[in-house]
file input.txt (compact mmCIF, C-alpha atoms)
# COMPACT_ATOMS: atom_id res chain seq x y z
CA MET G 74 -22.88 -2.46 -10.17
CA GLU G 75 -19.47 -1.33 -11.41
CA ARG G 76 -18.75 2.35 -10.96
CA LYS G 77 -17.46 4.40 -13.86
CA LYS G 78 -14.56 6.68 -14.63
CA ILE G 79 -15.45 10.35 -14.61
CA ARG G 80 -14.96 10.63 -18.39
CA ASP G 81 -17.44 7.79 -18.92
CA LEU G 82 -19.93 9.87 -16.93
CA GLY G 83 -19.67 12.67 -19.48
CA ILE G 84 -17.12 14.96 -17.80
CA VAL G 85 -13.98 15.77 -19.79
CA VAL G 86 -10.93 16.94 -17.86
CA GLY G 87 -8.47 19.11 -19.79
CA GLN G 88 -7.82 19.42 -23.50
CA LEU G 89 -5.46 16.58 -24.41
CA PRO G 90 -6.88 13.21 -25.48
CA PRO G 91 -6.52 10.15 -23.23
CA GLY G 92 -4.94 6.90 -24.32
CA PRO G 93 -7.14 3.94 -25.35
CA LYS G 94 -7.38 2.62 -21.77
CA ASN G 95 -7.12 6.00 -20.04
CA CYS G 96 -4.73 4.27 -17.69
CA LEU G 97 -1.10 4.13 -16.59
CA THR G 98 -0.75 0.97 -18.68
CA ASP G 99 -1.30 2.98 -21.86
CA VAL G 100 2.46 3.52 -21.64
CA GLN G 101 3.65 0.48 -23.55
CA GLY G 102 5.08 -2.28 -21.38
CA VAL G 103 4.03 -0.78 -18.05
CA ARG G 104 2.29 -3.32 -15.78
CA VAL G 105 0.10 -2.91 -12.69
CA GLY G 106 -0.85 -5.57 -10.14
CA HIS G 107 -3.02 -5.43 -7.00
CA VAL G 108 -3.38 -7.67 -3.97
CA THR G 109 -6.45 -6.74 -1.92
CA LEU G 110 -6.98 -7.73 1.72
CA HIS G 111 -10.51 -7.10 2.98
CA HIS G 112 -11.75 -9.40 5.72
CA PRO G 113 -12.34 -9.52 9.48
CA LEU G 114 -9.33 -10.63 11.50
CA ALA G 115 -9.62 -13.88 13.43
CA ASN G 116 -9.38 -13.74 17.23
CA ALA G 117 -9.62 -9.94 17.18
CA ASP G 118 -12.74 -8.07 18.25
CA ASN G 119 -14.07 -5.90 15.42
CA GLU G 120 -10.68 -5.63 13.75
CA TRP G 121 -10.32 -5.81 9.97
CA ALA G 122 -7.70 -6.15 7.31
CA CYS G 123 -8.79 -3.43 4.90
CA THR G 124 -5.61 -2.79 2.98
CA GLY G 125 -3.36 -4.20 0.27
CA VAL G 126 -0.44 -3.81 -2.10
CA THR G 127 -0.13 -2.28 -5.57
CA ALA G 128 2.87 -2.98 -7.84
CA ILE G 129 3.93 -0.90 -10.85
CA LEU G 130 6.55 -2.35 -13.21
CA PRO G 131 8.06 -0.19 -15.97
CA HIS G 132 8.61 -3.04 -18.45
CA GLU G 133 8.54 -6.82 -18.81
CA GLU G 134 12.30 -7.31 -18.62
CA ASN G 135 14.51 -7.74 -15.54
CA ILE G 136 14.20 -4.31 -13.93
CA PHE G 137 17.45 -4.51 -11.95
CA GLN G 138 19.40 -5.50 -15.06
CA ASN G 139 17.62 -2.99 -17.30
CA LYS G 140 17.04 0.23 -15.40
CA VAL G 141 14.93 3.16 -16.55
CA VAL G 142 15.29 6.90 -16.02
CA ALA G 143 13.45 7.99 -12.87
CA ALA G 144 12.97 10.84 -10.44
CA SER G 145 10.74 11.85 -7.57
CA TYR G 146 9.40 15.08 -6.20
CA VAL G 147 8.11 15.76 -2.70
CA PHE G 148 5.51 18.51 -2.31
CA ASN G 149 4.97 17.86 1.40
CA GLY G 150 7.22 15.37 3.13
CA PHE G 151 4.95 13.84 5.76
CA GLY G 152 5.63 10.36 4.37
CA LYS G 153 7.58 7.19 5.10
CA SER G 154 8.59 6.18 1.59
CA THR G 155 11.74 4.21 0.80
CA GLY G 156 14.21 4.43 -2.06
CA LEU G 157 13.62 8.02 -3.14
CA VAL G 158 17.02 9.33 -2.03
CA GLN G 159 19.02 7.00 -4.28
CA MET G 160 16.51 7.26 -7.12
CA ASN G 161 17.00 11.03 -7.20
CA GLU G 162 20.77 10.78 -6.74
CA LEU G 163 21.32 8.36 -9.63
CA GLY G 164 18.25 9.06 -11.74
CA ARG G 165 17.46 5.39 -12.21
CA LEU G 166 14.71 2.96 -11.19
CA GLU G 167 15.84 -0.64 -10.61
CA SER G 168 12.87 -2.16 -8.77
CA PRO G 169 9.09 -2.17 -9.12
CA ILE G 170 7.37 0.82 -7.56
CA MET G 171 5.27 -0.51 -4.70
CA LEU G 172 2.37 1.14 -2.84
CA THR G 173 0.86 0.06 0.50
CA ASN G 174 -0.15 1.34 3.94
CA THR G 175 2.23 3.13 6.31
CA PHE G 176 3.06 0.24 8.65
CA SER G 177 3.50 -2.23 5.76
CA ILE G 178 6.52 -0.46 4.26
CA PRO G 179 8.96 -2.98 5.89
CA ALA G 180 7.03 -6.08 4.76
CA VAL G 181 6.56 -4.81 1.20
CA THR G 182 10.21 -3.76 1.01
CA GLN G 183 11.24 -7.25 2.13
CA GLY G 184 8.96 -8.99 -0.37
CA THR G 185 10.15 -6.80 -3.24
CA LEU G 186 13.77 -7.36 -2.26
CA GLU G 187 13.20 -11.13 -2.15
CA TYR G 188 11.73 -10.90 -5.66
CA LEU G 189 14.82 -9.08 -6.94
CA LEU G 190 17.20 -11.47 -5.16
CA GLU G 191 15.47 -14.46 -6.73
CA GLN G 192 15.83 -12.88 -10.17
CA ASN G 193 19.39 -11.65 -9.66
CA PRO G 194 21.69 -13.95 -7.64
CA GLU G 195 24.57 -11.52 -8.17
CA ILE G 196 22.98 -8.84 -5.93
CA GLY G 197 25.04 -8.62 -2.75
CA GLU G 198 27.62 -11.05 -4.15
CA THR G 199 29.36 -9.91 -7.34
CA THR G 200 27.59 -6.55 -7.54
CA GLY G 201 26.09 -4.03 -5.14
CA THR G 202 22.76 -3.91 -3.35
CA ALA G 203 19.33 -3.00 -4.74
CA ASN G 204 17.27 0.13 -4.20
CA ILE G 205 13.64 -0.73 -3.42
CA VAL G 206 11.03 2.00 -3.97
CA VAL G 207 7.90 1.89 -1.80
CA GLY G 208 5.30 4.60 -1.16
CA GLU G 209 2.58 4.65 1.49
CA CYS G 210 -0.58 6.26 2.81
CA ASN G 211 -2.22 5.86 6.23
CA ASP G 212 -5.37 3.70 6.02
CA SER G 213 -5.88 3.31 9.78
CA TYR G 214 -9.46 4.64 9.78
CA LEU G 215 -10.73 1.50 8.00
CA ASN G 216 -7.74 -0.83 8.39
CA SER G 217 -6.44 -2.30 11.67
CA ILE G 218 -3.03 -0.99 10.79
CA ARG G 219 -1.35 -2.17 14.01
CA MET G 220 -2.10 -5.79 13.06
CA MET G 221 0.21 -5.48 10.03
CA SER G 222 -1.78 -7.85 7.81
CA VAL G 223 0.35 -7.25 4.72
CA LYS G 224 3.15 -9.81 4.41
CA PRO G 225 6.17 -10.06 2.07
CA GLU G 226 4.40 -12.70 -0.02
CA HIS G 227 1.62 -10.22 -0.80
CA ALA G 228 4.17 -7.89 -2.38
CA LYS G 229 5.59 -10.74 -4.47
CA GLU G 230 2.09 -11.77 -5.55
CA ALA G 231 1.24 -8.22 -6.66
CA ILE G 232 4.40 -8.21 -8.78
CA ARG G 233 3.69 -11.69 -10.17
CA ILE G 234 0.15 -10.89 -11.35
CA ALA G 235 0.95 -7.43 -12.71
CA SER G 236 -0.25 -7.03 -16.29
CA THR G 237 -0.56 -4.49 -19.08
CA ASP G 238 -4.35 -4.72 -18.92
CA LYS G 239 -6.46 -1.76 -17.86
CA ALA G 240 -5.73 -1.48 -14.14
CA MET G 241 -8.45 -1.97 -11.55
CA GLU G 242 -9.35 1.23 -9.70
CA GLY G 243 -11.06 2.36 -6.52
CA ALA G 244 -10.97 0.27 -3.34
CA VAL G 245 -8.40 -2.25 -4.56
CA GLY G 246 -4.80 -3.06 -3.72
CA ALA G 247 -3.13 -0.34 -1.70
CA GLY G 248 -6.31 1.73 -2.09
CA THR G 249 -8.60 -0.69 -0.24
CA GLY G 250 -8.76 1.32 2.99
CA MET G 251 -8.09 4.85 1.76
CA VAL G 252 -10.35 7.89 2.25
CA CYS G 253 -10.34 10.91 -0.08
CA PHE G 254 -12.22 14.17 0.58
CA GLY G 255 -14.29 12.34 3.21
CA TYR G 256 -15.50 9.77 0.69
CA LYS G 257 -14.05 6.44 -0.37
CA GLY G 258 -10.83 6.94 -2.30
CA GLY G 259 -8.00 4.67 -3.41
CA ILE G 260 -6.53 3.86 -6.81
CA GLY G 261 -7.22 6.05 -9.82
CA CYS G 262 -5.66 6.16 -13.28
CA SER G 263 -5.63 8.35 -16.35
CA SER G 264 -3.42 9.02 -19.38
CA ARG G 265 -2.78 11.60 -22.08
CA LEU G 266 -1.45 11.46 -25.64
CA VAL G 267 0.90 14.17 -26.90
CA VAL G 268 1.65 14.58 -30.60
CA ASP G 269 5.13 15.64 -31.68
CA ASP G 270 4.40 17.66 -34.80
CA GLY G 271 8.05 17.80 -35.82
CA GLU G 272 8.60 14.04 -35.85
CA GLN G 273 4.97 12.96 -36.38
CA GLY G 274 5.26 10.84 -33.25
CA VAL G 275 2.82 10.28 -30.40
CA TYR G 276 3.96 10.03 -26.79
CA THR G 277 1.97 8.75 -23.84
CA ILE G 278 1.87 10.05 -20.27
CA GLY G 279 0.17 7.81 -17.72
CA CYS G 280 -0.71 8.50 -14.10
CA LEU G 281 -1.75 6.27 -11.19
CA VAL G 282 -2.66 7.76 -7.83
CA LEU G 283 -3.22 6.38 -4.35
CA SER G 284 -5.61 9.01 -2.96
CA ASN G 285 -6.02 9.43 0.79
CA PHE G 286 -6.28 13.16 1.46
CA GLY G 287 -8.56 16.14 1.85
CA THR G 288 -11.79 17.17 3.55
CA GLN G 289 -15.25 17.55 2.08
CA ASP G 290 -14.91 21.32 2.39
CA GLU G 291 -11.86 21.18 0.12
CA LEU G 292 -13.75 19.09 -2.41
CA TYR G 293 -16.71 21.46 -2.39
CA SER G 294 -14.35 24.34 -3.09
CA TYR G 295 -13.55 22.49 -6.33
CA ASN G 296 -16.61 23.75 -8.15
CA ARG G 297 -15.68 23.18 -11.78
CA PHE G 298 -17.38 19.78 -11.78
CA ILE G 299 -19.08 19.72 -8.36
CA ASP G 300 -22.61 21.05 -7.88
CA THR G 301 -22.10 22.83 -4.57
CA GLU G 302 -25.85 23.43 -4.18
CA LYS G 303 -26.26 19.68 -3.73
CA LYS G 304 -23.38 19.26 -1.31
CA ARG G 305 -24.00 17.15 1.74
CA ARG G 306 -22.05 15.58 4.54
CA VAL G 307 -21.76 11.84 4.90
CA GLU G 308 -23.12 11.09 8.35
CA ASN G 309 -21.19 7.85 8.63
CA ASN G 310 -17.88 9.67 8.24
CA ASN G 311 -17.01 11.20 11.59
CA GLU G 312 -14.18 13.56 12.46
CA ASP G 313 -11.64 10.73 12.67
CA ALA G 314 -11.85 10.16 8.92
CA GLN G 315 -11.04 13.79 8.14
CA THR G 316 -7.29 13.50 8.63
CA ASP G 317 -4.64 15.38 6.70
CA GLY G 318 -4.01 12.19 4.69
CA SER G 319 -1.62 11.68 1.80
CA ILE G 320 -1.37 10.98 -1.90
CA MET G 321 1.14 8.90 -3.84
CA ILE G 322 1.36 9.77 -7.53
CA VAL G 323 3.12 7.53 -10.06
CA LEU G 324 3.83 9.16 -13.43
CA ALA G 325 5.04 7.15 -16.42
CA THR G 326 5.92 8.18 -19.97
CA ASP G 327 7.56 6.84 -23.10
CA ALA G 328 8.83 10.31 -24.01
CA PRO G 329 12.63 10.67 -24.29
CA VAL G 330 13.44 12.72 -21.19
CA ASN G 331 16.21 12.61 -18.61
CA GLU G 332 15.84 12.52 -14.85
CA ARG G 333 15.90 16.30 -14.47
CA GLN G 334 13.19 16.73 -17.08
CA LEU G 335 11.18 13.98 -15.40
CA GLN G 336 11.35 15.85 -12.12
CA ARG G 337 10.11 18.97 -13.88
CA MET G 338 7.17 16.93 -15.17
CA ALA G 339 6.57 15.52 -11.68
CA LYS G 340 6.26 19.05 -10.28
CA ARG G 341 3.34 19.68 -12.65
CA CYS G 342 1.41 16.85 -11.01
CA GLY G 343 0.96 19.30 -8.15
CA ILE G 344 -1.12 21.47 -10.46
CA GLY G 345 -3.53 18.60 -11.03
CA LEU G 346 -3.63 17.88 -7.31
CA GLY G 347 -4.37 21.52 -6.50
CA ARG G 348 -7.15 21.68 -9.09
CA THR G 349 -9.10 19.05 -7.15
CA GLY G 350 -9.13 21.29 -4.05
CA SER G 351 -6.12 20.07 -2.08
CA HIS G 352 -3.82 22.56 -0.39
CA MET G 353 -1.36 19.86 0.77
CA SER G 354 -2.01 19.84 4.50
CA HIS G 355 0.59 19.85 7.28
CA GLY G 356 0.32 16.11 7.87
CA SER G 357 -0.05 15.08 4.25
CA GLY G 358 2.60 13.15 2.33
CA ASP G 359 2.28 14.41 -1.25
CA ILE G 360 4.87 12.57 -3.33
CA VAL G 361 5.40 11.88 -7.04
CA MET G 362 7.49 9.01 -8.43
CA ALA G 363 8.13 9.30 -12.17
CA PHE G 364 9.89 7.20 -14.80
CA SER G 365 10.42 7.05 -18.55
CA THR G 366 10.48 3.85 -20.60
CA SER G 367 12.03 5.50 -23.64
CA GLN G 368 15.24 3.52 -23.16
CA THR G 369 16.83 1.17 -20.67
CA PHE G 370 20.30 1.24 -19.14
CA PRO G 371 22.14 -2.02 -18.43
CA HIS G 372 23.41 -2.72 -14.93
CA PHE G 373 26.58 -4.30 -16.31
CA SER G 374 28.52 -2.67 -19.14
CA SER G 375 32.16 -2.39 -20.20
CA ASP G 376 31.48 0.95 -21.89
CA ARG G 377 32.77 4.11 -20.29
CA LEU G 378 30.21 6.29 -22.05
CA GLU G 379 26.48 5.92 -22.56
CA GLN G 380 24.20 7.75 -24.93
CA GLN G 381 20.82 9.20 -24.07
CA PHE G 382 18.26 10.86 -26.31
CA LEU G 383 16.02 13.61 -24.98
CA PHE G 384 13.83 16.51 -25.98
CA ARG G 385 15.17 20.00 -26.16
CA GLU G 386 13.37 22.04 -23.54
CA ASP G 387 12.86 25.17 -25.63
CA LYS G 388 10.49 23.36 -27.97
CA ARG G 389 6.73 22.88 -27.77
CA MET G 390 6.95 19.28 -26.55
CA MET G 391 8.08 20.04 -23.00
CA ASN G 392 5.13 22.34 -22.44
CA MET G 393 2.81 19.66 -23.79
CA LEU G 394 4.31 17.08 -21.43
CA PHE G 395 3.83 19.46 -18.49
CA CYS G 396 0.19 19.96 -19.49
CA ALA G 397 -0.32 16.19 -19.83
CA ALA G 398 1.10 15.52 -16.36
CA ALA G 399 -1.26 18.05 -14.76
CA GLU G 400 -4.34 16.85 -16.63
CA ALA G 401 -3.70 13.14 -16.06
CA THR G 402 -3.14 13.68 -12.33
CA GLU G 403 -6.37 15.64 -11.90
CA GLU G 404 -8.41 13.04 -13.76
CA ALA G 405 -6.76 10.12 -11.97
CA ILE G 406 -7.74 11.61 -8.60
CA LEU G 407 -11.34 12.09 -9.74
CA ASN G 408 -11.38 8.50 -11.04
CA SER G 409 -10.22 7.26 -7.64
CA LEU G 410 -13.41 8.81 -6.26
CA THR G 411 -15.90 7.83 -8.93
CA ARG G 412 -14.60 4.24 -9.16
CA ALA G 413 -14.45 3.48 -5.42
CA LYS G 414 -17.35 1.73 -3.71
CA THR G 415 -18.66 2.09 -0.16
CA THR G 416 -16.35 0.11 2.14
CA ILE G 417 -16.75 -1.28 5.66
CA GLY G 418 -13.72 -1.73 7.90
CA ARG G 419 -12.57 -1.85 11.50
CA LYS G 420 -14.91 -1.07 14.39
CA GLY G 421 -17.85 -1.23 12.02
CA ARG G 422 -16.77 1.98 10.33
CA GLU G 423 -18.14 2.66 6.88
CA VAL G 424 -16.87 5.14 4.32
CA GLU G 425 -19.42 5.86 1.65
CA GLU G 426 -18.70 6.11 -2.04
CA PHE G 427 -18.70 9.50 -3.69
CA PRO G 428 -22.29 10.36 -4.68
CA LEU G 429 -22.31 10.80 -8.44
CA ASP G 430 -25.30 13.17 -8.28
CA LEU G 431 -22.90 15.83 -6.97
CA LEU G 432 -21.33 16.03 -10.41
CA LYS G 433 -22.38 18.62 -12.96
CA LEU G 434 -23.41 16.12 -15.63

call {"tool": "encode", "arguments": {"input": "input.txt", "output": "structure tokens"}}
result
Amino acid sequence: MERKKIRDLGIVVGQLPPGPKNCLTDVQGVRVGHVTLHHPLANADNEWACTGVTAILPHEENIFQNKVVAASYVFNGFGKSTGLVQMNELGRLESPIMLTNTFSIPAVTQGTLEYLLEQNPEIGETTGTANIVVGECNDSYLNSIRMMSVKPEHAKEAIRIASTDKAMEGAVGAGTGMVCFGYKGGIGCSSRLVVDDGEQGVYTIGCLVLSNFGTQDELYSYNRFIDTEKKRRVENNNEDAQTDGSIMIVLATDAPVNERQLQRMAKRCGIGLGRTGSHMSHGSGDIVMAFSTSQTFPHFSSDRLEQQFLFREDKRMMNMLFCAAAEATEEAILNSLTRAKTTIGRKGREVEEFPLDLLKL
């Protein structure tokens, strides 16, 4: 039976309303695609591929040719992501944002680069190189990570099948082998709508997380929605599953903001993360990648000047955007728990799904 989002279970997170899909793809044009690998590996004793790739595309045009404003923020830097240095330096995103496991960063980078090269024959010839953005979490408790099952073609397939539909959540794509708070984690999404009273406009903030962090004790300290009197330990989850872990957070909006304002919004995702009980452990990679689709910037132009529209920061809207980022992150993390199903992986290990009877319904 399909598991539900936390809001569908009767728990409302925050004050702002969600978008119609309560998903990252509520931001118009944003697409999400997953490739899931979950099978025993041939000629390997008790080894499993329990992993995958998730692709996030900001729009349906050529991303390298039509860049969007972007920024990242690192809360704790125990991560092996690629592309964040240039993205922060130039404030632009020119590739899909890709998520996978730690050892698959090279393969996913290669596949994403091949995708861009096929689309843009001028890269490396008549123009410069391309900046590929990939984030990761360590899924080695359930996934035979040393076998490196993810290949470049899996990255290209995730990009190819990406759609604006409501994204799949839980143990799918990059989230297939992830563990969150000692239970099954993975992909979670949420969104918020913010009304601009001055212009009578509505802006959308979407969030997608790859959750792979935290202990059960941290979760039980989060008692707003958890009935701590019912708390219990999952016997099948031994000490090895209780690692420091990581979380990758992707934040998207159609609000007119620049890269500095985006980074300010990205920082507020940490509020949502902290509300769930995380304290960002020593070995945790806690990273946000954010972009705005409000306008695109051409790779080639003869103009010496370019114009950008953005909110003034001393008005109500920036505070509302900050609130939306925090709320959407918190709910996306909870959805990654409530949507994920019990998963079996390498060495016969099993990580159980979050028991919904722990919620204060």

call {"tool": "closest_residue", "arguments": {"input": "input.txt", "among": "G:Ala143, G:Ala122, G:Met390, G:Ala228", "to": "Leu215 (chain G)", "atoms": "all atoms listed in the file"}}
result
G:Ala122

call {"tool": "closest_atom_pairs", "arguments": {"input": "input.txt", "of": "region 172-242 of chain G", "to": "region 90-103 of chain G", "cutoff": "9 Å", "atoms": "all atoms listed in the file", "output": "CSV"}}
result
residue,atom,partner,partner_atom,distance
G:Ser236,CA,G:Val103,CA,7.8
G:Thr237,CA,G:Thr98,CA,5.5
G:Asp238,CA,G:Thr98,CA,6.7
G:Lys239,CA,G:Lys94,CA,5.9
G:Ala240,CA,G:Cys96,CA,6.8

call {"tool": "atom_distance", "arguments": {"input": "input.txt", "atom1": "CA of Asn204 (chain G)", "atom2": "CA of Ile136 (chain G)"}}
result
11.1 Å

call {"tool": "closest_residue", "arguments": {"input": "input.txt", "among": "G:Ile299, G:Ser367, G:Glu75, G:Gly418", "to": "Leu110 (chain G)", "atoms": "all atoms listed in the file"}}
result
G:Gly418

call {"tool": "residues_around", "arguments": {"input": "input.txt", "residues": "Leu172 (chain G)", "least_positions_apart": "6", "cutoff": "6 Å", "atoms": "all atoms listed in the file", "output": "list in words"}}
result
Val126, Thr127, Val207, Gly208, Glu209 and Ala247 of chain G

call {"tool": "atom_distance", "arguments": {"input": "input.txt", "atom1": "CA of Ser177 (chain G)", "atom2": "CA of Glu198 (chain G)"}}
result
27.5 Å

call {"tool": "closest_residue", "arguments": {"input": "input.txt", "among": "G:Asp212, G:Glu386, G:Glu230, G:Asp327", "to": "Tyr276 (chain G)", "atoms": "all atoms listed in the file"}}
result
G:Asp327

call {"tool": "atom_distance", "arguments": {"input": "input.txt", "atom1": "CA of His112 (chain G)", "atom2": "CA of Val323 (chain G)"}}
result
27.5 Å

call {"tool": "closest_residue", "arguments": {"input": "input.txt", "among": "G:Ala180, G:Leu410, G:Val158, G:Leu394", "to": "Phe286 (chain G)", "atoms": "all atoms listed in the file"}}
result
G:Leu410

call {"tool": "closest_residue", "arguments": {"input": "input.txt", "among": "G:Ser168, G:Gln273, G:Pro329, G:Ala397", "to": "Gln381 (chain G)", "atoms": "all atoms listed in the file"}}
result
G:Pro329

call {"tool": "residues_around", "arguments": {"input": "input.txt", "residues": "Lys420 (chain G)", "least_positions_apart": "5", "cutoff": "10 Å", "atoms": "all atoms listed in the file", "output": "MDAnalysis selection string"}}
result
chainID G and resid 118:121 214:217

call {"tool": "residues_around", "arguments": {"input": "input.txt", "residues": "Met321 (chain G)", "least_positions_apart": "3", "cutoff": "10 Å", "atoms": "only C-alpha atoms", "output": "ChimeraX atom specification"}}
result
/G:147,152,154,172-173,207-210,260,281-285,324,358-362

call {"tool": "write_last_selection", "arguments": {"input": "input.txt", "atoms": "C-alpha atoms", "output": "PDB file, in the frame of the given file"}}
result
ATOM      1  CA  VAL G 147       8.110  15.760  -2.700  1.00  0.00           C
ATOM      2  CA  GLY G 152       5.630  10.360   4.370  1.00  0.00           C
ATOM      3  CA  SER G 154       8.590   6.180   1.590  1.00  0.00           C
ATOM      4  CA  LEU G 172       2.370   1.140  -2.840  1.00  0.00           C
ATOM      5  CA  THR G 173       0.860   0.060   0.500  1.00  0.00           C
ATOM      6  CA  VAL G 207       7.900   1.890  -1.800  1.00  0.00           C
ATOM      7  CA  GLY G 208       5.300   4.600  -1.160  1.00  0.00           C
ATOM      8  CA  GLU G 209       2.580   4.650   1.490  1.00  0.00           C
ATOM      9  CA  CYS G 210      -0.580   6.260   2.810  1.00  0.00           C
ATOM     10  CA  ILE G 260      -6.530   3.860  -6.810  1.00  0.00           C
ATOM     11  CA  LEU G 281      -1.750   6.270 -11.190  1.00  0.00           C
ATOM     12  CA  VAL G 282      -2.660   7.760  -7.830  1.00  0.00           C
ATOM     13  CA  LEU G 283      -3.220   6.380  -4.350  1.00  0.00           C
ATOM     14  CA  SER G 284      -5.610   9.010  -2.960  1.00  0.00           C
ATOM     15  CA  ASN G 285      -6.020   9.430   0.790  1.00  0.00           C
ATOM     16  CA  LEU G 324       3.830   9.160 -13.430  1.00  0.00           C
ATOM     17  CA  GLY G 358       2.600  13.150   2.330  1.00  0.00           C
ATOM     18  CA  ASP G 359       2.280  14.410  -1.250  1.00  0.00           C
ATOM     19  CA  ILE G 360       4.870  12.570  -3.330  1.00  0.00           C
ATOM     20  CA  VAL G 361       5.400  11.880  -7.040  1.00  0.00           C
ATOM     21  CA  MET G 362       7.490   9.010  -8.430  1.00  0.00           C
TER      22      MET G 362
END

call {"tool": "closest_atom_pairs", "arguments": {"input": "input.txt", "of": "region 239-298 of chain G", "to": "region 334-338 of chain G", "cutoff": "12 Å", "atoms": "all atoms listed in the file", "output": "tab-separated table"}}
result
residue	atom	partner	partner_atom	distance
G:Ile278	CA	G:Met338	CA	10.1
G:Gly279	CA	G:Met338	CA	11.8
G:Cys280	CA	G:Met338	CA	11.6

call {"tool": "write_last_selection", "arguments": {"input": "input.txt", "atoms": "C-alpha atoms", "output": "CSV table (one decimal), in the coordinates of the input"}}
result
chain,number,residue,atom,x,y,z
G,278,ILE,CA,1.9,10.0,-20.3
G,279,GLY,CA,0.2,7.8,-17.7
G,280,CYS,CA,-0.7,8.5,-14.1

call {"tool": "closest_residue", "arguments": {"input": "input.txt", "among": "G:Leu157, G:Cys123, G:Ile196, G:Leu346", "to": "Gln138 (chain G)", "atoms": "only C-alpha atoms"}}
result
G:Ile196

call {"tool": "residues_around", "arguments": {"input": "input.txt", "residues": "Thr411 (chain G)", "least_positions_apart": "3", "cutoff": "8 Å", "atoms": "all atoms listed in the file", "output": "ChimeraX atom specification"}}
result
/G:76-79,243,407-408,426-427,429

call {"tool": "build_atoms", "arguments": {"input": "input.txt", "residues": "region 172-176 of chain G", "atoms": "all heavy atoms", "output": "PDB file, in the frame of the given file"}}
result
ATOM      1  N   LEU G 172       3.215   0.280  -3.665  1.00  0.00           N
ATOM      2  CA  LEU G 172       2.370   1.140  -2.840  1.00  0.00           C
ATOM      3  C   LEU G 172       1.655   0.274  -1.800  1.00  0.00           C
ATOM      4  O   LEU G 172       1.202  -0.836  -2.116  1.00  0.00           O
ATOM      5  CB  LEU G 172       1.349   1.872  -3.690  1.00  0.00           C
ATOM      6  CG  LEU G 172       1.890   2.754  -4.824  1.00  0.00           C
ATOM      7  CD1 LEU G 172       0.751   3.315  -5.657  1.00  0.00           C
ATOM      8  CD2 LEU G 172       2.764   3.878  -4.282  1.00  0.00           C
ATOM      9  N   THR G 173       1.514   0.804  -0.571  1.00  0.00           N
ATOM     10  CA  THR G 173       0.860   0.060   0.500  1.00  0.00           C
ATOM     11  C   THR G 173       0.474   1.021   1.617  1.00  0.00           C
ATOM     12  O   THR G 173       0.492   2.239   1.427  1.00  0.00           O
ATOM     13  CB  THR G 173       1.758  -1.085   1.007  1.00  0.00           C
ATOM     14  OG1 THR G 173       1.009  -1.928   1.881  1.00  0.00           O
ATOM     15  CG2 THR G 173       3.002  -0.555   1.707  1.00  0.00           C
ATOM     16  N   ASN G 174       0.143   0.468   2.796  1.00  0.00           N
ATOM     17  CA  ASN G 174      -0.150   1.340   3.940  1.00  0.00           C
ATOM     18  C   ASN G 174       1.127   1.640   4.731  1.00  0.00           C
ATOM     19  O   ASN G 174       2.158   0.990   4.559  1.00  0.00           O
ATOM     20  CB  ASN G 174      -1.230   0.728   4.834  1.00  0.00           C
ATOM     21  CG  ASN G 174      -0.738  -0.430   5.673  1.00  0.00           C
ATOM     22  OD1 ASN G 174       0.063  -0.260   6.596  1.00  0.00           O
ATOM     23  ND2 ASN G 174      -1.210  -1.636   5.373  1.00  0.00           N
ATOM     24  N   THR G 175       1.050   2.603   5.619  1.00  0.00           N
ATOM     25  CA  THR G 175       2.230   3.130   6.310  1.00  0.00           C
ATOM     26  C   THR G 175       3.029   2.060   7.046  1.00  0.00           C
ATOM     27  O   THR G 175       4.249   1.977   6.908  1.00  0.00           O
ATOM     28  CB  THR G 175       1.810   4.234   7.292  1.00  0.00           C
ATOM     29  OG1 THR G 175       0.992   5.180   6.619  1.00  0.00           O
ATOM     30  CG2 THR G 175       3.026   4.935   7.876  1.00  0.00           C
ATOM     31  N   PHE G 176       2.356   1.223   7.830  1.00  0.00           N
ATOM     32  CA  PHE G 176       3.060   0.240   8.650  1.00  0.00           C
ATOM     33  C   PHE G 176       3.505  -0.983   7.852  1.00  0.00           C
ATOM     34  O   PHE G 176       4.192  -1.858   8.397  1.00  0.00           O
ATOM     35  CB  PHE G 176       2.192  -0.199   9.820  1.00  0.00           C
ATOM     36  CG  PHE G 176       2.073   0.835  10.917  1.00  0.00           C
ATOM     37  CD1 PHE G 176       1.293   0.583  12.036  1.00  0.00           C
ATOM     38  CD2 PHE G 176       2.728   2.045  10.832  1.00  0.00           C
ATOM     39  CE1 PHE G 176       1.172   1.528  13.050  1.00  0.00           C
ATOM     40  CE2 PHE G 176       2.620   3.006  11.832  1.00  0.00           C
ATOM     41  CZ  PHE G 176       1.829   2.747  12.946  1.00  0.00           C
TER      42      PHE G 176
END
